[in-house]
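Asker: Here it is: the structure, laid out below.
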Amino acid sequence: MPKLKTHKGLLKRVRISRTGKVRHRSANHKHLSSHKSGKRLRRLRKDPYAANPDAKKFEKLLYRRLRGRTGPLSGRKRSPSPAERAEMRAERAKNES
């Protein structure tokens, strides 16, 4: 069975945050902005997060689970603080010797 390939076109247009949410560029912002209001252009300048139904479609195209979409906060992996890292290093050094 052949390997499943990720959708390269989508990968180029989307950024996946560390929590697994999908960010994308707003449409209608590239050109023809002279007739659009300043308020509208400011809104379009921000990179919005994709809605849940869209993120679900992206999962299928990328063959990857996007965790931050619906998962609980407790399920997310958190990077250790510098103090916790120092403790882990000390523990590892103690176990090795």
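All residue names refer to the structure tokens as shown: chains lettered A, B, ... in order, residues numbered from 1 in each chain, ligands numbered from 1 in order.
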DSSP on the backbone, strand (DSSP E) only: what residues of stretch 2-95 of chain A does that give? Format it as a JSON list (two decimals) with N, CA and C atoms, in the first residue's frame.

Answerer:
```json
[["chain", "number", "residue", "atom", "x", "y", "z"],
["A", 14, "VAL", "N", -1.05, 27.53, 5.18],
["A", 14, "VAL", "CA", -1.56, 27.39, 6.54],
["A", 14, "VAL", "C", -0.40, 27.25, 7.51],
["A", 15, "ARG", "N", -0.56, 27.80, 8.71],
["A", 15, "ARG", "CA", 0.42, 27.59, 9.78],
["A", 15, "ARG", "C", -0.30, 26.90, 10.92],
["A", 16, "ILE", "N", 0.33, 25.91, 11.50],
["A", 16, "ILE", "CA", -0.27, 25.19, 12.61],
["A", 16, "ILE", "C", 0.43, 25.63, 13.88],
["A", 22, "VAL", "N", -5.21, 26.00, 13.59],
["A", 22, "VAL", "CA", -4.79, 26.29, 12.23],
["A", 22, "VAL", "C", -4.97, 27.78, 11.95],
["A", 23, "ARG", "N", -3.88, 28.46, 11.57],
["A", 23, "ARG", "CA", -3.95, 29.87, 11.21],
["A", 23, "ARG", "C", -3.83, 29.98, 9.70],
["A", 24, "HIS", "N", -4.56, 30.94, 9.14],
["A", 24, "HIS", "CA", -4.52, 31.14, 7.69],
["A", 24, "HIS", "C", -4.63, 32.62, 7.38]]
```

Asker: So that I can check the surroundings of A:Lys8, please list as a PyMOL selection string every protein, DNA and RNA residue that reaches within 10 Å of it, counting only C-alpha atoms and ignoring chain neighbours fewer than 3 positions away.

Answerer: chain A and resi 5+11-13+61-62

Asker: What does the distance between atom CA of A:Glu59 and atom CA of A:Ser79 come to in Å, to one decimal place?

Answerer: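 Computing it gives 24.1 Å between the two atoms.
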
Asker: Atom CA of A:Thr19 and atom CA of A:Leu66, how far apart in Å?

Answerer: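 Atom CA of A:Leu66 sits 8.1 Å away from atom CA of A:Thr19.
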
Asker: List every residue of chain A that DSSP, applied to the backbone, labels as helix (DSSP H, G or I), and write the result as a CSV table (one decimal) with C-alpha atoms, in the first residue's frame.

Answerer:
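Output contents, as saved in part-v9.csv:
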```csv
chain,number,residue,atom,x,y,z
A,8,LYS,CA,1.5,20.5,-0.1
A,9,GLY,CA,-0.7,23.3,-1.4
A,10,LEU,CA,-2.5,23.5,1.9
A,11,LEU,CA,0.8,23.3,3.9
A,12,LYS,CA,2.0,26.4,2.1
A,13,ARG,CA,-1.1,28.4,2.9
A,38,GLY,CA,-9.9,51.1,7.0
A,39,LYS,CA,-11.8,49.1,9.6
A,40,ARG,CA,-12.2,46.3,7.1
A,41,LEU,CA,-8.5,46.3,6.1
A,42,ARG,CA,-7.4,46.2,9.8
A,43,ARG,CA,-9.7,43.2,10.3
A,44,LEU,CA,-8.3,41.5,7.2
A,45,ARG,CA,-4.7,42.2,8.4
A,52,ASN,CA,-13.6,23.7,13.8
A,53,PRO,CA,-15.4,22.3,10.7
A,54,ASP,CA,-12.6,23.7,8.4
A,55,ALA,CA,-9.9,22.4,10.7
A,56,LYS,CA,-11.5,18.9,10.5
A,57,LYS,CA,-11.2,19.1,6.7
A,58,PHE,CA,-7.6,20.2,7.0
A,59,GLU,CA,-6.8,17.1,9.2
A,60,LYS,CA,-7.9,14.9,6.4
A,61,LEU,CA,-5.8,16.7,3.8
A,62,LEU,CA,-2.7,16.8,6.0
A,67,ARG,CA,-4.9,18.5,18.8
A,68,GLY,CA,-5.9,22.0,19.9
A,69,ARG,CA,-9.2,21.9,17.9
A,73,LEU,CA,-6.4,21.7,28.1
A,74,SER,CA,-5.2,18.9,30.4
A,75,GLY,CA,-4.3,16.8,27.4
A,82,PRO,CA,14.0,26.3,33.4
A,83,ALA,CA,13.8,25.3,37.1
A,84,GLU,CA,12.0,22.0,36.2
A,85,ARG,CA,14.6,21.4,33.5
A,86,ALA,CA,17.4,21.8,36.0
A,87,GLU,CA,15.7,19.3,38.3
A,88,MET,CA,15.3,16.8,35.5
A,89,ARG,CA,19.0,17.2,34.6
A,90,ALA,CA,20.1,16.7,38.2
A,91,GLU,CA,17.9,13.6,38.5
A,92,ARG,CA,19.3,12.2,35.3
A,93,ALA,CA,22.9,12.8,36.4
A,94,LYS,CA,22.2,11.2,39.8
A,95,ASN,CA,20.7,8.1,38.1
A,96,GLU,CA,23.6,7.7,35.7
```

Asker: In Å, how far is it from atom CA of A:Lys30 to atom CA of A:Thr6?

Answerer: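 Separation of atom CA of A:Lys30 and atom CA of A:Thr6: 26.6 Å.
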